[in-house]
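Have a look at the structure below before the remarks.
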Amino acid sequence: MSYTFLPAALLFGGGVLASLPVAAHDNKHGPPPRPPQPLMCSQLAGDAGGLVGAPGIKAVTAVIAPAAGDNVSFCQVDVLYGTSPEQNINVRVGLPLGPLDGGSGGVVGAWNGRTQGIGGGGCAGSLSVNAPVNAGYVGSGNDTGHSGGNCEPGVNADGTYNLQFINDFIRNGMKAQVLLSKRVAAAYYAKKPDFNYWNGCSTGGRQGYVVAQELGRELDGILANAPAMYWTRFQTAQMWGQIVMKDLAGGPIAGAKLTQATASAVQACDGADGVVDGVIDEPRACTFSATANICGTPTAPAANCLNAAEAEAIDRIWDGPRNPDGKRIWFGLDRGTAINALNGTFPFFLGVTQFHWDTHNPTFDWTTVTMNTYADVAQQGSRNIADVTDTFGDLDTFRASGGKLLTMVGANDQLIMPQGVLHYYRQMARRYGGPHDDDFSGVQKFFRLFRAPGVAHCGGGAGPQPQGLFDALVDWVENKVPPDTILAQNTSGGVVTRTRPLCPYPQTAVYKGSGSTDDAANFACAGNLETSEEVCDSVLVKYKHEANGPLDHREGGTSRGECRRRGHGHHDGHDNDKDD
Ligand SMILES: [Ca+2]
């Protein structure tokens, strides 16, 4: 295959191509073109690197970082990117040493021929590229245009949005990162990457989805775990429990009571999946009510029982935010999840910030919001800023380009309600699959979701911990082997104590009925967790009409008729269908 060296095209499109040297050669009378040659690291900060003076490139440094501890030496390129004085995105590209810098053992120098972008967390990016570089990848990261993890600058003091800040955080930073990493790799090694990947969790997971949705041709494989997608909607929902506790219980409920309520729910529902192992495999099917923990009742625990108001508050935290009509606005924390993270003595700081974004008022006081007015704030957020932040686009280009998307989400994620990504997955299943609600075969050809029972945000928790996710993605992309299961395991003192398969949603791991329940070999992926009961209960009130709009069955991946037919038109006494 002929190879045309057009590094700038990756970043800036066709407008600047005419001014760049190219190896392609259509002058039959001239000398043959000289193929591109590898560069020394330091040359990447000079004219030969093609970065200096290019549009959007404000500064470039390129130095060889010495080996340190377990980290190998590599070529560290730092680029300050921005197309205006206000835009300043720091991108770091870490390159395994090329042949002119002493690298060896890889495809070119120490390089394995691949790139791997690393995502950030919270309201911050990441410039830590050691892990991918140590594994032979060109690693990259970006700071999303600001340092630190504070999202408050998204709203100016005068009540206007700082859309530069918001867009750099939401999308521009990782786009510049991906494009620059591919461009710098091609310049350094004189070879385009064979495969390009993303690897992130939480905000890093959201970033992976943004790249899939908005740069669909650039990456071959994306690992996007516990994605912070629907940024405005889920972060607003992070405040629901605080408001409920304030209104019903007079303030935060003691942490020990919340912990006991979680333990009681696990005890009640653990065995429903066929294996008593301290984990509720399908928490949506668990209907345990915290009223069982009310002091003085026969079912109350020996310690940390609840008063009636506290019990109602915990039930509403599990249920998630609803509007005054009883229609679901977003999802709650599934039973078995640590409630304290969002509902401790103080609210989660990014949730507080989100209320400022929702109302574009940097001094808005969340304590003025009640359970009845919560929907108004949620609706303001949807109408004012969620189209910018929530990144719920389709995957048409990514799919058509052959990309593969892999997501792990902990079923007991204590920060990002895992039903959010299920909501998106259901929509994509309908978009790329068959006509039936339960047909996920189409979407699974390029996008697989593994929900890990008992696993917390990006890992941790009582459930078996997912293993080898990134390797599974690479195998899918490069060897066409789709991940049919992901191994998960618990360890104690370095010894594996339990293995269990994770299954591509909506399948689940079912015990075969004999042999150790601590051995993955005794489980098989089967069943369908997308019951009409779960799907219909997950239908949300229409986006941007949270205060008093109709339910949006279509966006919920189902139909009103389907939910009516199955008898799910009503929920908890609320007439969910009256306007629909
Ligand atoms: Ca269980």
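Residue names in the structure tokens use chain letters A, B, ... in the order shown, residue numbers from 1 in each chain, and ligand numbers from 1 in the order shown.
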| query | So which bits of segment 219-385 of chain A end up strand (DSSP E or B) when you DSSP the backbone, as a VMD selection string? | reply | chain A and resid 221 to 225 294 306 322 328 347
| task | Could I get the residue neighbourhood of ligand 1 at 6 Å, counting only C-alpha atoms and all ligand atoms, as a ChimeraX atom specification? | result | /A:270-271,273,275-281
Keeping all heavy atoms, export the residues of the selection given above as a compact mmCIF listing (two decimals), in the first residue's frame.
```txt
# COMPACT_ATOMS: atom_id res chain seq x y z
N ASP A 270 -29.58 -11.18 48.04
CA ASP A 270 -28.38 -11.90 47.58
C ASP A 270 -28.73 -13.19 46.86
O ASP A 270 -28.23 -13.49 45.77
CB ASP A 270 -27.49 -12.16 48.81
CG ASP A 270 -26.18 -12.84 48.48
OD1 ASP A 270 -26.00 -13.29 47.33
OD2 ASP A 270 -25.32 -12.93 49.37
N GLY A 271 -29.60 -13.99 47.47
CA GLY A 271 -29.86 -15.33 46.94
C GLY A 271 -30.75 -15.38 45.72
O GLY A 271 -30.90 -16.44 45.10
N ASP A 273 -30.28 -14.50 42.83
CA ASP A 273 -29.56 -14.90 41.62
C ASP A 273 -29.08 -16.35 41.69
O ASP A 273 -28.37 -16.82 40.80
CB ASP A 273 -28.37 -13.97 41.38
CG ASP A 273 -27.51 -13.78 42.63
OD1 ASP A 273 -27.22 -14.78 43.30
OD2 ASP A 273 -27.15 -12.62 42.92
N VAL A 275 -27.10 -17.75 43.98
CA VAL A 275 -25.86 -17.97 44.70
C VAL A 275 -25.74 -16.96 45.84
O VAL A 275 -25.76 -15.75 45.59
CB VAL A 275 -24.63 -17.83 43.77
CG1 VAL A 275 -23.34 -18.05 44.55
CG2 VAL A 275 -24.73 -18.81 42.61
N VAL A 276 -25.66 -17.44 47.06
CA VAL A 276 -25.47 -16.55 48.20
C VAL A 276 -23.97 -16.27 48.34
O VAL A 276 -23.20 -17.11 48.80
CB VAL A 276 -26.03 -17.18 49.50
CG1 VAL A 276 -25.76 -16.24 50.67
CG2 VAL A 276 -27.53 -17.41 49.34
N ASP A 277 -23.57 -15.10 47.86
CA ASP A 277 -22.15 -14.78 47.80
C ASP A 277 -21.88 -13.34 48.22
O ASP A 277 -20.80 -12.81 47.96
CB ASP A 277 -21.62 -15.02 46.39
CG ASP A 277 -22.41 -14.25 45.33
OD1 ASP A 277 -23.37 -13.54 45.71
OD2 ASP A 277 -22.06 -14.33 44.15
N GLY A 278 -22.88 -12.69 48.83
CA GLY A 278 -22.67 -11.32 49.26
C GLY A 278 -22.87 -10.30 48.17
O GLY A 278 -22.61 -9.10 48.38
N VAL A 279 -23.35 -10.73 47.00
CA VAL A 279 -23.51 -9.83 45.87
C VAL A 279 -24.90 -10.04 45.25
O VAL A 279 -25.32 -11.17 45.02
CB VAL A 279 -22.43 -10.07 44.79
CG1 VAL A 279 -22.71 -9.25 43.54
CG2 VAL A 279 -21.04 -9.74 45.36
N ILE A 280 -25.59 -8.93 44.98
CA ILE A 280 -26.85 -8.98 44.24
C ILE A 280 -26.53 -8.85 42.75
O ILE A 280 -26.13 -7.77 42.30
CB ILE A 280 -27.80 -7.83 44.67
CG1 ILE A 280 -28.00 -7.83 46.18
CG2 ILE A 280 -29.12 -7.94 43.93
CD1 ILE A 280 -28.72 -6.57 46.69
N ASP A 281 -26.69 -9.92 42.00
CA ASP A 281 -26.32 -9.86 40.59
C ASP A 281 -27.21 -8.89 39.82
O ASP A 281 -26.73 -8.20 38.92
CB ASP A 281 -26.43 -11.25 39.95
CG ASP A 281 -25.16 -12.07 40.18
OD1 ASP A 281 -24.34 -11.67 41.04
OD2 ASP A 281 -25.01 -13.12 39.51
```
| 8 Å contact set for segment 179-190 of chain A, only C-alpha atoms, chain neighbours under 2 positions out, as number ranges by chain | A: 7-8, 10-11, 36-41, 44, 49-50, 91, 93, 95, 98, 108-109, 115, 117, 138-140, 175-177, 192-193, 196, 218
| query | Counting only C-alpha atoms, which of A:Ala256, A:Leu422, A:Leu127, A:Ala462 gets nearest to Leu529 of chain A? | reply | A:Leu422
Contacts between segment 400-417 of chain A and segment 484-533 of chain A, please, where a residue of segment 484-533 of chain A counts if it comes within 10 Å (with only C-alpha atoms); show its shortest atom pair and distance in Å to one decimal, rows by chain and ascending number, as JSON lines.
```
{"residue": "A:Ile486", "atom": "CA", "partner": "A:Met408", "partner_atom": "CA", "distance": 9.5}
{"residue": "A:Leu502", "atom": "CA", "partner": "A:Met408", "partner_atom": "CA", "distance": 9.4}
{"residue": "A:Pro504", "atom": "CA", "partner": "A:Met408", "partner_atom": "CA", "distance": 9.5}
{"residue": "A:Tyr505", "atom": "CA", "partner": "A:Met408", "partner_atom": "CA", "distance": 10.0}
```
| Can you list, as a PyMOL selection string, every residue of segment 104-323 of chain A that DSSP puts in alpha helix (DSSP H)? | chain A and resi 130-134+163-167+173-189+203-214+231-237+240-249+255-269+308-319
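For the residues A:Pro301, A:Pro33, A:Gly336, A:Gly145, ranking by smallest atom-to-atom distance to Cys269 of chain A using only C-alpha atoms places A:Gly336 first.
For the set A:Ile118, A:Ala309, A:Ala452, A:Ala547, the residue with the smallest atom-to-atom gap to Asp247 of chain A is A:Ala309, counting only C-alpha atoms.
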Could you list, as a PDB file with N, CA, C and O atoms, in the first residue's frame, every residue within 7 Å of segment 167-170 of chain A, counting only C-alpha atoms and ignoring same-chain residues fewer than 2 positions away?
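Printed below is selection_23.pdb as written:
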```pdb
ATOM      1  N   THR A 144      -7.552  18.768  29.594  1.00  0.00           N
ATOM      2  CA  THR A 144      -8.894  19.293  29.281  1.00  0.00           C
ATOM      3  C   THR A 144      -8.959  20.824  29.319  1.00  0.00           C
ATOM      4  O   THR A 144     -10.030  21.398  29.426  1.00  0.00           O
ATOM      5  N   GLY A 145      -7.798  21.460  29.230  1.00  0.00           N
ATOM      6  CA  GLY A 145      -7.784  22.915  29.141  1.00  0.00           C
ATOM      7  C   GLY A 145      -7.723  23.650  30.464  1.00  0.00           C
ATOM      8  O   GLY A 145      -7.697  24.880  30.485  1.00  0.00           O
ATOM      9  N   LEU A 163     -18.173  28.841  27.827  1.00  0.00           N
ATOM     10  CA  LEU A 163     -18.286  27.700  26.919  1.00  0.00           C
ATOM     11  C   LEU A 163     -16.927  27.199  26.444  1.00  0.00           C
ATOM     12  O   LEU A 163     -16.799  26.038  26.060  1.00  0.00           O
ATOM     13  N   GLN A 164     -15.928  28.084  26.459  1.00  0.00           N
ATOM     14  CA  GLN A 164     -14.576  27.612  26.144  1.00  0.00           C
ATOM     15  C   GLN A 164     -14.136  26.567  27.165  1.00  0.00           C
ATOM     16  O   GLN A 164     -13.675  25.484  26.808  1.00  0.00           O
ATOM     17  N   PHE A 165     -14.293  26.914  28.415  1.00  0.00           N
ATOM     18  CA  PHE A 165     -13.921  25.982  29.494  1.00  0.00           C
ATOM     19  C   PHE A 165     -14.709  24.676  29.361  1.00  0.00           C
ATOM     20  O   PHE A 165     -14.144  23.574  29.435  1.00  0.00           O
ATOM     21  N   ASN A 172     -13.044  19.110  23.408  1.00  0.00           N
ATOM     22  CA  ASN A 172     -11.896  19.568  22.614  1.00  0.00           C
ATOM     23  C   ASN A 172     -10.576  18.971  23.077  1.00  0.00           C
ATOM     24  O   ASN A 172      -9.694  18.683  22.265  1.00  0.00           O
ATOM     25  N   GLY A 173     -10.431  18.812  24.393  1.00  0.00           N
ATOM     26  CA  GLY A 173      -9.156  18.330  24.919  1.00  0.00           C
ATOM     27  C   GLY A 173      -8.795  16.957  24.395  1.00  0.00           C
ATOM     28  O   GLY A 173      -7.687  16.724  23.896  1.00  0.00           O
ATOM     29  N   THR A 389     -23.044  19.184  27.124  1.00  0.00           N
ATOM     30  CA  THR A 389     -22.277  18.333  28.048  1.00  0.00           C
ATOM     31  C   THR A 389     -22.611  16.850  27.990  1.00  0.00           C
ATOM     32  O   THR A 389     -21.800  16.028  28.428  1.00  0.00           O
TER      33      THR A 389
END
```
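For Thr287 of chain A, the residues within 10 Å (counting only C-alpha atoms, excluding itself and residues fewer than 5 positions away along the chain) are Ala265, Ala268, Cys269, Asp315, Trp318, Asp319 and Arg335 of chain A.
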